[in-house]
>>> print(open('model_9.txt').read())   # compact mmCIF, C-alpha atoms
# COMPACT_ATOMS: atom_id res chain seq x y z
CA THR A 6 -0.18 -5.10 -14.00
CA LEU A 7 -0.55 -6.93 -10.68
CA ILE A 8 -2.26 -10.12 -11.79
CA ALA A 9 -0.36 -13.32 -12.46
CA ASP A 10 -2.91 -15.37 -14.41
CA GLN A 11 -2.96 -18.98 -13.26
CA THR A 12 -6.37 -20.07 -14.56
CA GLU A 13 -8.35 -19.72 -17.75
CA ARG A 14 -11.43 -17.91 -16.46
CA PRO A 15 -12.59 -15.73 -13.54
CA VAL A 16 -13.98 -17.41 -10.43
CA ARG A 17 -17.75 -17.49 -9.92
CA ARG A 18 -18.57 -15.09 -7.09
CA ALA A 19 -21.09 -17.37 -5.33
CA ALA A 20 -18.54 -20.11 -4.77
CA MET A 21 -15.52 -17.89 -4.24
CA LYS A 22 -13.03 -18.35 -1.43
CA LEU A 23 -10.19 -15.88 -1.13
CA ALA A 24 -6.78 -16.47 0.39
CA ALA A 25 -4.39 -13.76 1.54
CA VAL A 26 -0.85 -13.44 2.76
CA GLU A 27 0.09 -10.20 4.48
CA GLY A 28 3.84 -10.15 4.95
CA GLY A 29 5.10 -7.72 7.56
CA GLY A 30 8.42 -7.10 9.24
CA THR A 31 7.12 -8.46 12.54
CA SER A 32 4.74 -11.19 11.41
CA PHE A 33 3.06 -12.84 8.41
CA VAL A 34 -0.73 -13.23 8.45
CA VAL A 35 -2.54 -15.81 6.31
CA ALA A 36 -6.30 -15.96 5.93
CA ILE A 37 -9.23 -17.53 4.09
CA ALA A 38 -12.26 -15.31 3.46
CA ARG A 39 -15.50 -14.94 1.53
CA SER A 40 -14.77 -11.27 0.90
CA PRO A 41 -12.14 -8.77 2.08
CA THR A 42 -14.14 -8.18 5.26
CA GLU A 43 -15.60 -11.69 5.80
CA VAL A 44 -12.68 -13.67 7.20
CA LEU A 45 -13.39 -17.34 7.82
CA GLU A 46 -10.08 -18.27 9.44
CA ARG A 47 -6.63 -16.82 9.89
CA ALA A 48 -3.24 -17.54 11.40
CA GLU A 49 -0.20 -15.47 12.24
CA PHE A 50 3.46 -16.48 12.17
CA PRO A 51 6.47 -14.48 13.45
CA THR A 52 8.77 -13.10 10.77
CA THR A 53 11.94 -15.10 11.36
CA THR A 54 13.87 -16.54 8.41
CA PRO A 55 12.35 -16.68 4.90
CA GLU A 56 12.50 -20.47 4.86
CA GLU A 57 10.72 -20.87 8.20
CA THR A 58 8.13 -18.11 7.78
CA LEU A 59 7.19 -18.85 4.17
CA GLY A 60 7.27 -22.57 4.94
CA LYS A 61 4.62 -22.10 7.64
CA CYS A 62 2.49 -19.93 5.34
CA CYS A 63 2.66 -22.49 2.53
CA ALA A 64 1.90 -25.40 4.85
CA TRP A 65 -1.16 -23.57 6.23
CA LEU A 66 -2.45 -22.72 2.75
CA LYS A 67 -1.82 -26.24 1.45
CA GLU A 68 -4.39 -27.63 3.90
CA ARG A 69 -7.12 -25.31 2.62
CA GLU A 70 -9.11 -24.75 -0.56
CA TYR A 71 -9.27 -21.32 -2.17
CA ASP A 72 -9.93 -19.80 -5.57
CA ALA A 73 -7.62 -16.76 -5.65
CA LEU A 74 -4.69 -15.40 -3.69
CA GLY A 75 -3.67 -11.87 -2.74
CA VAL A 76 -0.16 -11.21 -1.47
CA ALA A 77 0.83 -7.93 0.18
CA SER A 78 4.44 -7.81 1.35
CA PHE A 79 6.85 -5.48 3.07
CA GLY A 80 9.50 -4.22 0.74
CA PRO A 81 11.10 -2.97 -1.28
CA VAL A 82 9.65 -5.52 -3.71
CA ASP A 83 9.81 -6.08 -7.46
CA LEU A 84 6.37 -5.47 -8.99
CA GLN A 85 7.45 -5.55 -12.64
CA MET A 86 5.93 -8.61 -14.29
CA GLY A 87 8.44 -10.10 -16.69
CA SER A 88 11.34 -9.17 -14.44
CA PRO A 89 13.44 -12.18 -13.31
CA THR A 90 12.89 -11.04 -9.72
CA TYR A 91 9.15 -10.30 -9.99
CA GLY A 92 7.55 -11.21 -6.66
CA TYR A 93 10.80 -10.82 -4.72
CA ILE A 94 11.67 -8.72 -1.72
CA THR A 95 14.78 -6.94 -2.96
CA THR A 96 16.98 -4.45 -1.08
CA THR A 97 15.35 -4.58 2.34
CA PRO A 98 17.27 -3.56 5.47
CA LYS A 99 16.21 -6.95 6.89
CA LEU A 100 19.38 -8.73 5.81
CA MET A 101 17.99 -12.28 5.97
CA TRP A 102 15.17 -11.27 3.60
CA LYS A 103 17.24 -9.60 0.90
CA ASN A 104 16.52 -10.99 -2.58
CA THR A 105 13.88 -13.39 -1.26
CA ASP A 106 11.32 -14.92 -3.60
CA ILE A 107 7.99 -14.34 -1.85
CA LEU A 108 5.56 -15.15 -4.64
CA GLY A 109 7.25 -18.24 -6.08
CA PRO A 110 6.75 -20.61 -3.12
CA LEU A 111 3.15 -19.42 -2.65
CA LEU A 112 2.31 -20.03 -6.32
CA LYS A 113 3.50 -23.63 -6.00
CA VAL A 114 0.90 -24.38 -3.34
CA ARG A 115 -2.14 -24.05 -5.61
CA LYS A 116 -2.74 -23.01 -9.20
CA VAL A 117 -5.06 -20.01 -8.77
CA PRO A 118 -5.12 -16.37 -9.95
CA VAL A 119 -2.74 -14.25 -7.86
CA ALA A 120 -2.32 -10.52 -7.27
CA PHE A 121 0.82 -9.07 -5.67
CA ASP A 122 1.63 -5.63 -4.25
CA THR A 123 3.21 -3.92 -1.27
CA ASP A 124 1.77 -4.11 2.24
CA VAL A 125 0.85 -0.43 1.97
CA ASN A 126 -0.40 -0.18 -1.62
CA ALA A 127 -2.87 -3.00 -0.90
CA PRO A 128 -4.60 -1.28 2.05
CA ALA A 129 -4.44 2.03 0.17
CA LEU A 130 -6.49 0.37 -2.58
CA ALA A 131 -8.97 -1.04 -0.03
CA GLU A 132 -9.36 2.34 1.71
CA TYR A 133 -9.83 4.08 -1.64
CA LEU A 134 -12.51 1.66 -2.79
CA HIS A 135 -14.34 1.92 0.54
CA ALA A 136 -14.28 5.73 0.47
CA LYS A 137 -15.46 5.82 -3.13
CA LYS A 138 -18.29 3.37 -2.48
CA ASN A 139 -19.51 4.99 0.75
CA GLY A 140 -18.78 8.65 0.07
CA LYS A 141 -21.50 11.19 -0.54
CA GLY A 142 -21.46 13.94 -3.12
CA ALA A 143 -17.93 14.96 -4.07
CA GLU A 144 -16.50 12.31 -1.73
CA ALA A 145 -17.87 9.60 -4.03
CA ASN A 146 -15.85 11.02 -6.91
CA ILE A 147 -12.41 10.66 -5.36
CA THR A 148 -9.66 9.24 -7.54
CA SER A 149 -6.80 9.01 -5.04
CA CYS A 150 -5.84 7.96 -1.53
CA ALA A 151 -2.64 7.84 0.52
CA TYR A 152 -2.21 5.21 3.22
CA ILE A 153 0.50 5.67 5.87
CA THR A 154 1.41 2.98 8.36
CA VAL A 155 3.54 3.95 11.35
CA GLY A 156 5.26 1.22 13.30
CA THR A 157 8.80 -0.17 13.33
CA GLY A 158 9.06 1.62 9.99
CA ILE A 159 6.91 4.07 8.07
CA GLY A 160 5.35 2.93 4.82
CA VAL A 161 3.24 4.87 2.35
CA GLY A 162 0.87 3.32 -0.18
CA LEU A 163 -0.64 5.42 -2.94
CA VAL A 164 -3.64 5.07 -5.22
CA VAL A 165 -3.75 7.71 -7.97
CA ASN A 166 -6.39 7.82 -10.73
CA GLY A 167 -7.92 4.71 -9.19
CA ALA A 168 -4.75 2.61 -9.45
CA PRO A 169 -1.95 1.64 -7.06
CA VAL A 170 1.15 3.60 -7.98
CA HIS A 171 3.92 1.63 -9.69
CA GLY A 172 6.72 3.10 -11.73
CA LEU A 173 10.46 2.82 -11.35
CA MET A 174 9.54 0.77 -8.29
CA HIS A 175 6.75 1.70 -5.87
CA PRO A 176 6.32 4.53 -3.35
CA GLU A 177 8.84 4.64 -0.49
CA ALA A 178 7.60 7.96 0.87
CA GLY A 179 8.28 7.04 4.48
CA HIS A 180 11.83 8.08 3.66
CA VAL A 181 11.08 11.59 2.35
CA SER A 182 13.03 14.47 3.84
CA VAL A 183 11.40 16.34 6.70
CA PRO A 184 12.72 19.50 8.43
CA ARG A 185 14.24 18.74 11.83
CA ARG A 186 13.01 20.55 14.89
CA PRO A 187 15.75 22.68 16.48
CA ALA A 188 15.55 20.41 19.54
CA ASP A 189 16.40 17.42 17.32
CA ALA A 190 19.62 18.81 15.83
CA SER A 191 21.67 16.09 17.52
CA PHE A 192 18.99 13.37 17.71
CA ALA A 193 20.31 10.32 15.84
CA GLY A 194 16.94 8.62 15.47
CA SER A 195 16.37 4.96 14.79
CA ASN A 196 18.79 4.76 11.85
CA PRO A 197 21.09 7.74 11.27
CA ASP A 198 22.24 6.20 7.97
CA ASP A 199 18.72 6.47 6.52
CA CYS A 200 17.86 8.79 3.62
CA PHE A 201 18.87 12.46 3.77
CA GLY A 202 21.45 11.77 6.46
CA GLY A 203 18.75 10.55 8.81
CA SER A 204 16.51 13.58 8.31
CA CYS A 205 13.64 11.49 6.98
CA ALA A 206 10.21 10.72 8.38
CA GLU A 207 10.88 7.07 9.25
CA ASN A 208 14.10 7.76 11.11
CA LEU A 209 12.56 10.52 13.20
CA ALA A 210 9.00 9.25 13.77
CA CYS A 211 8.93 5.44 13.79
CA SER A 212 8.23 3.50 16.99
CA LYS A 213 11.92 3.01 17.78
CA ALA A 214 12.55 6.77 17.49
CA LEU A 215 9.56 7.32 19.78
CA ALA A 216 11.01 4.91 22.35
CA LEU A 217 14.41 6.61 22.21
CA ARG A 218 12.82 10.00 22.86
CA ALA A 219 10.91 8.56 25.80
CA GLY A 220 14.07 7.02 27.29
CA LEU A 221 12.88 3.44 26.76
CA SER A 222 15.08 0.47 25.92
CA ASP A 223 12.51 -0.87 23.43
CA THR A 224 9.06 -0.12 22.06
CA SER A 225 7.11 -2.37 24.45
CA GLY A 226 6.81 0.44 26.99
CA LEU A 227 5.26 2.99 24.61
CA PRO A 228 1.66 2.42 25.79
CA SER A 229 2.68 3.73 29.23
CA VAL A 230 4.18 6.99 27.89
CA PRO A 231 1.70 9.78 28.77
CA ASP A 232 0.09 11.91 26.06
CA GLU A 233 1.81 15.05 27.34
CA HIS A 234 5.33 13.64 26.75
CA ASP A 235 7.19 15.56 24.06
CA ALA A 236 7.93 12.31 22.20
CA TRP A 237 4.34 12.31 20.88
CA GLU A 238 4.52 15.95 19.80
CA ALA A 239 7.78 15.28 17.96
CA THR A 240 6.26 12.27 16.21
CA ALA A 241 3.18 14.25 15.20
CA ASN A 242 5.40 17.03 13.86
CA TYR A 243 7.25 14.71 11.49
CA LEU A 244 4.14 12.82 10.43
CA GLY A 245 2.54 16.19 9.67
CA ALA A 246 5.58 17.06 7.53
CA LEU A 247 5.13 13.75 5.69
CA CYS A 248 1.44 14.51 5.09
CA ALA A 249 2.33 18.00 3.84
CA ASN A 250 4.84 16.48 1.41
CA LEU A 251 2.14 14.15 0.09
CA VAL A 252 -0.31 17.04 -0.31
CA LEU A 253 2.28 18.98 -2.32
CA THR A 254 3.49 16.10 -4.51
CA VAL A 255 0.63 13.62 -4.92
CA SER A 256 -2.40 15.75 -4.01
CA PRO A 257 -4.44 12.82 -2.65
CA HIS A 258 -8.14 13.21 -1.91
CA LYS A 259 -7.66 11.39 1.39
CA ILE A 260 -4.85 10.44 3.79
CA VAL A 261 -5.29 7.42 6.06
CA LEU A 262 -2.99 6.85 9.06
CA SER A 263 -2.66 3.38 10.57
CA GLY A 264 -0.17 1.09 12.30
CA GLY A 265 0.82 0.44 15.89
CA VAL A 266 1.95 3.99 16.70
CA MET A 267 -1.35 5.42 15.46
CA GLN A 268 -3.23 3.46 18.13
CA ARG A 269 -2.48 6.57 20.19
CA ALA A 270 -5.67 8.48 19.32
CA SER A 271 -4.31 11.80 20.57
CA LEU A 272 -1.85 11.82 17.67
CA PHE A 273 -4.51 12.51 15.04
CA PRO A 274 -5.38 16.12 15.99
CA ARG A 275 -1.66 16.83 16.45
CA VAL A 276 -0.79 15.43 13.01
CA ARG A 277 -3.54 17.52 11.42
CA ALA A 278 -2.30 20.67 13.14
CA ALA A 279 1.29 19.88 12.14
CA THR A 280 0.22 19.39 8.52
CA GLN A 281 -1.42 22.82 8.50
CA ARG A 282 1.63 24.35 10.16
CA HIS A 283 4.06 22.89 7.63
CA LEU A 284 1.91 23.97 4.67
CA ASN A 285 1.96 27.47 6.15
CA GLY A 286 -1.22 28.62 4.41
CA TYR A 287 0.02 27.79 0.93
CA ILE A 288 -2.86 25.39 0.14
CA GLN A 289 -6.10 27.33 0.63
CA LEU A 290 -8.65 24.53 0.38
CA PRO A 291 -11.33 23.71 2.96
CA GLN A 292 -9.96 20.18 3.30
CA ILE A 293 -6.77 21.72 4.68
CA VAL A 294 -7.61 25.03 6.35
CA THR A 295 -10.88 24.18 8.13
CA ASP A 296 -11.14 21.96 11.19
CA ALA A 297 -14.03 19.95 9.73
CA GLY A 298 -12.26 19.57 6.39
CA ILE A 299 -8.92 18.35 7.69
CA GLU A 300 -10.59 15.97 10.14
CA LYS A 301 -12.10 14.17 7.14
CA PHE A 302 -8.98 14.57 5.01
CA ILE A 303 -6.57 12.97 7.53
CA GLY A 304 -8.07 10.15 9.55
CA PRO A 305 -7.75 6.59 10.85
CA SER A 306 -8.24 3.42 8.87
CA VAL A 307 -11.76 2.07 8.57
CA TRP A 308 -10.40 -1.31 9.70
CA GLY A 309 -7.80 -0.25 12.26
CA ASN A 310 -4.85 -2.60 12.42
CA GLN A 311 -6.64 -5.10 10.16
CA ALA A 312 -6.23 -2.80 7.15
CA GLY A 313 -3.25 -4.73 5.80
CA LEU A 314 -5.14 -8.01 5.73
CA VAL A 315 -8.22 -6.35 4.19
CA GLY A 316 -5.87 -4.97 1.54
CA ALA A 317 -4.37 -8.37 0.76
CA LEU A 318 -7.85 -9.86 0.47
CA THR A 319 -8.87 -6.97 -1.80
CA LEU A 320 -6.03 -8.00 -4.12
CA ALA A 321 -7.33 -11.58 -4.04
CA GLU A 322 -10.81 -10.37 -4.96
CA PHE A 323 -9.46 -8.54 -7.99
CA ALA A 324 -7.52 -11.65 -9.02
CA ALA A 325 -10.63 -13.82 -8.64
CA ARG A 326 -12.62 -11.51 -10.92
CA GLY A 327 -9.86 -11.59 -13.50
CA ASP A 328 -9.32 -7.83 -13.08
CA ASP A 329 -6.11 -5.91 -12.78
CA ALA A 330 -6.05 -4.27 -9.34
CA THR A 331 -6.31 -0.83 -10.88
CA ALA A 332 -9.88 0.15 -9.95
CA THR A 333 -10.87 2.74 -12.55
CA ALA A 334 -7.65 2.98 -14.52
CA PRO A 335 -7.33 0.94 -17.74
CA SER A 336 -5.24 -2.19 -17.35
CA GLY A 337 -2.15 -2.97 -19.37
CA ALA A 338 -4.27 -5.27 -21.55
CA ASP A 339 -6.69 -2.40 -22.18
CA TYR A 340 -3.84 -0.17 -23.27
CA ARG A 341 -2.40 -2.87 -25.51
CA ARG A 342 -5.81 -3.55 -27.08
CA ARG A 343 -6.37 0.15 -27.70
CA TYR A 344 -2.91 0.45 -29.21
CA VAL A 345 -3.57 -2.53 -31.52
CA ASP A 346 -6.98 -1.13 -32.49
CA MET A 347 -5.44 2.24 -33.28
CA ALA A 348 -2.60 0.66 -35.23
CA THR A 349 -5.10 -1.38 -37.24
CA ALA A 350 -7.15 1.73 -37.97
CA VAL A 351 -4.05 3.61 -39.10
CA ALA A 352 -3.06 0.71 -41.36
CA VAL A 353 -6.55 0.58 -42.92
CA LEU A 354 -6.56 4.34 -43.50
CA SER A 355 -3.08 4.21 -45.01
CA THR A 356 -4.11 1.41 -47.39
CA ALA A 357 -7.23 3.31 -48.37
CA ALA A 358 -5.16 6.44 -49.04
CA VAL A 359 -2.80 4.46 -51.29
CA LEU A 360 -5.72 2.98 -53.26
CA ILE A 361 -7.40 6.36 -53.69
CA ALA A 362 -4.13 7.94 -54.82
CA SER A 363 -3.50 5.16 -57.38
CA ARG A 364 -7.01 5.53 -58.81
CA LEU A 365 -6.64 9.30 -59.08
CA ARG A 366 -3.37 8.85 -60.98
CA ALA A 367 -5.06 6.34 -63.28
>>> encode(input="model_9.txt", output="structure tokens")
Amino acid sequence: TLIADQTERPVRRAAMKLAAVEGGGTSFVVAIARSPTEVLERAEFPTTTPEETLGKCCAWLKEREYDALGVASFGPVDLQMGSPTYGYITTTPKLMWKNTDILGPLLKVRKVPVAFDTDVNAPALAEYLHAKKNGKGAEANITSCAYITVGTGIGVGLVVNGAPVHGLMHPEAGHVSVPRRPADASFAGSNPDDCFGGSCAENLACSKALALRAGLSDTSGLPSVPDEHDAWEATANYLGALCANLVLTVSPHKIVLSGGVMQRASLFPRVRAATQRHLNGYIQLPQIVTDAGIEKFIGPSVWGNQAGLVGALTLAEFAARGDDATATAPSGADYRRRYVDMATAVAVLSTAAVLIASRLRA
């Protein structure tokens, strides 16, 4: 469950104002909106210390009226309601942000319904809902979507059976193992201590790895790196391996690629080709093996680099309606109600059986 109930009843749609906080490793964005795509005002603050950044977000929100709040944060985060660290960033590599309570300070600003998730699960939910609403034929019947953001890190959000994926934690598929190119046998990447001894997608394909391949001191010079530079081909290769892993493990109906690195439009056809190459003909579906199919299957975000904010506002919209942000999947309350109903039915049947048996013996 993603909703932290703060009010007694859902908000009336006509009067609704949504608030969102999108917490990223580079900056935090706050916004007020009428709907996920109707932003009234927004502000952006650099991600410095938790006290400074969250303080600015809270001060901005305190000066405004809103009826529900959606919070989408970089992670790892604790999404388990009832946990003492629910709403916290936990074991992040950003040392200053380890074990930071994100949700607590925001909840103190105003007593409204709140929904909380990762900064990739939230846009995955928004992309899924958009595709389901606007798709035609079989496309309108999708139940899943993967959202990949490629920037200083690589994050993966997943919606499966209409619900953002939570479990032991939440997806961290940017760190899945990918096969190294022979030319990269000695390439350290952005963080050689990352998962699988550094042979993971984030280490080999994030913006810092791209800059290192291009001989740059930082990522600011990436826009000037020409399309024909091998750094882009290497990045596409590893992103294709990540997409292939998702196809084989999650089997999403759609994969969306976003983030700063994916502003390079020439990456998309390369990623699609790399995905096909890594799958090596094993998946014989038109969405994979045909040019038209894979162009629809792997594509850019509907909202470009605004997808994260749209996702956070989508969470706020679910909170305002009093829904769990699980789209078509039953909420925890639904499951509990069904369990209680079933238990009651079993108890009634058991009592009836006892009465019938006693009468037969009589």
>>> closest_residue(input="model_9.txt", among="A:Ala278, A:Ile260, A:Val183, A:Ala210", to="Leu247 in chain A", atoms="only C-alpha atoms")
A:Val183
>>> closest_residue(input="model_9.txt", among="A:Thr90, A:Thr58, A:Ser212, A:Ser225", to="Met267 in chain A", atoms="all atoms listed in the file")
A:Ser212
>>> axis_aligned_box(input="model_9.txt", around="range 243-254 of chain A", padding_each_side="8 Å", output="AutoDock Vina command-line options")
--center_x 3.5 --center_y 15.9 --center_z 3.5 --size_x 23.6 --size_y 22.2 --size_z 32.0
>>> closest_residue(input="model_9.txt", among="A:Glu144, A:Glu68, A:Asp232, A:Glu132", to="Arg115 in chain A", atoms="all atoms listed in the file")
A:Glu68
>>> atom_distance(input="model_9.txt", atom1="CA of Ile153 in chain A", atom2="CA of Gly87 in chain A")
28.6 Å
>>> closest_residue(input="model_9.txt", among="A:Ala77, A:Val119, A:Cys248, A:Ala236", to="Ala188 in chain A", atoms="only C-alpha atoms")
A:Ala236
>>> atom_distance(input="model_9.txt", atom1="CA of Tyr71 in chain A", atom2="CA of Ala38 in chain A")
8.8 Å
>>> closest_residue(input="model_9.txt", among="A:Ala24, A:Leu253, A:Leu111, A:Val82", to="Lys61 in chain A", atoms="all atoms listed in the file")
A:Leu111
>>> residues_near_point(input="model_9.txt", point="(0.7, -12.7, 11.1)", cutoff="7 Å", atoms="all atoms listed in the file", output="list in words")
Ser32, Phe33, Val34, Val35, Ala48, Glu49, Phe50 and Pro51 of chain A
>>> atom_distance(input="model_9.txt", atom1="CA of Pro169 in chain A", atom2="CA of Met86 in chain A")
14.8 Å
>>> residues_around(input="model_9.txt", residues="Ala151 in chain A", least_positions_apart="6", cutoff="8 Å", atoms="only C-alpha atoms", output="list in words")
Ala129, Val161, Gly162, Leu163, Val164, Leu251, Pro257, Lys259, Ile260 and Val261 of chain A
>>> closest_atom_pairs(input="model_9.txt", of="range 79-98 of chain A", to="range 103-107 of chain A", cutoff="10 Å", atoms="only C-alpha atoms", output="Markdown table")
| residue | atom | partner | partner_atom | distance |
| --- | --- | --- | --- | --- |
| A:Gly80 | CA | A:Lys103 | CA | 9.4 |
| A:Pro81 | CA | A:Lys103 | CA | 9.3 |
| A:Val82 | CA | A:Asn104 | CA | 8.9 |
| A:Asp83 | CA | A:Asn104 | CA | 9.6 |
| A:Thr90 | CA | A:Asp106 | CA | 7.4 |
| A:Tyr91 | CA | A:Asp106 | CA | 8.2 |
| A:Gly92 | CA | A:Ile107 | CA | 5.8 |
| A:Tyr93 | CA | A:Asp106 | CA | 4.3 |
| A:Ile94 | CA | A:Thr105 | CA | 5.2 |
| A:Thr95 | CA | A:Asn104 | CA | 4.4 |
| A:Thr96 | CA | A:Lys103 | CA | 5.5 |
| A:Thr97 | CA | A:Lys103 | CA | 5.6 |
| A:Pro98 | CA | A:Lys103 | CA | 7.6 |
>>> residues_around(input="model_9.txt", residues="Gln289 in chain A", least_positions_apart="6", cutoff="12 Å", atoms="only C-alpha atoms", output="number ranges by chain")
A: 252, 281, 295, 298-299
>>> residues_around(input="model_9.txt", residues="Arg47 in chain A", least_positions_apart="5", cutoff="12 Å", atoms="all atoms listed in the file", output="list of chain:residue names")
A:Leu23, A:Ala24, A:Ala25, A:Val26, A:Glu27, A:Phe33, A:Val34, A:Val35, A:Ala36, A:Ile37, A:Ala38, A:Cys62, A:Trp65, A:Leu66, A:Arg69, A:Gln311, A:Leu314, A:Leu318
>>> residues_around(input="model_9.txt", residues="Ala73 in chain A", least_positions_apart="2", cutoff="10 Å", atoms="all atoms listed in the file", output="list in words")
Gln11, Thr12, Pro15, Val16, Met21, Lys22, Leu23, Ala24, Ala25, Ile37, Glu70, Tyr71, Gly75, Arg115, Lys116, Val117, Pro118, Val119, Ala120, Leu318, Leu320, Ala321, Glu322, Phe323, Ala324, Ala325, Arg326 and Gly327 of chain A
>>> closest_residue(input="model_9.txt", among="A:Ser191, A:Gln292, A:Ser229, A:Thr154", to="Asn310 in chain A", atoms="all atoms listed in the file")
A:Thr154
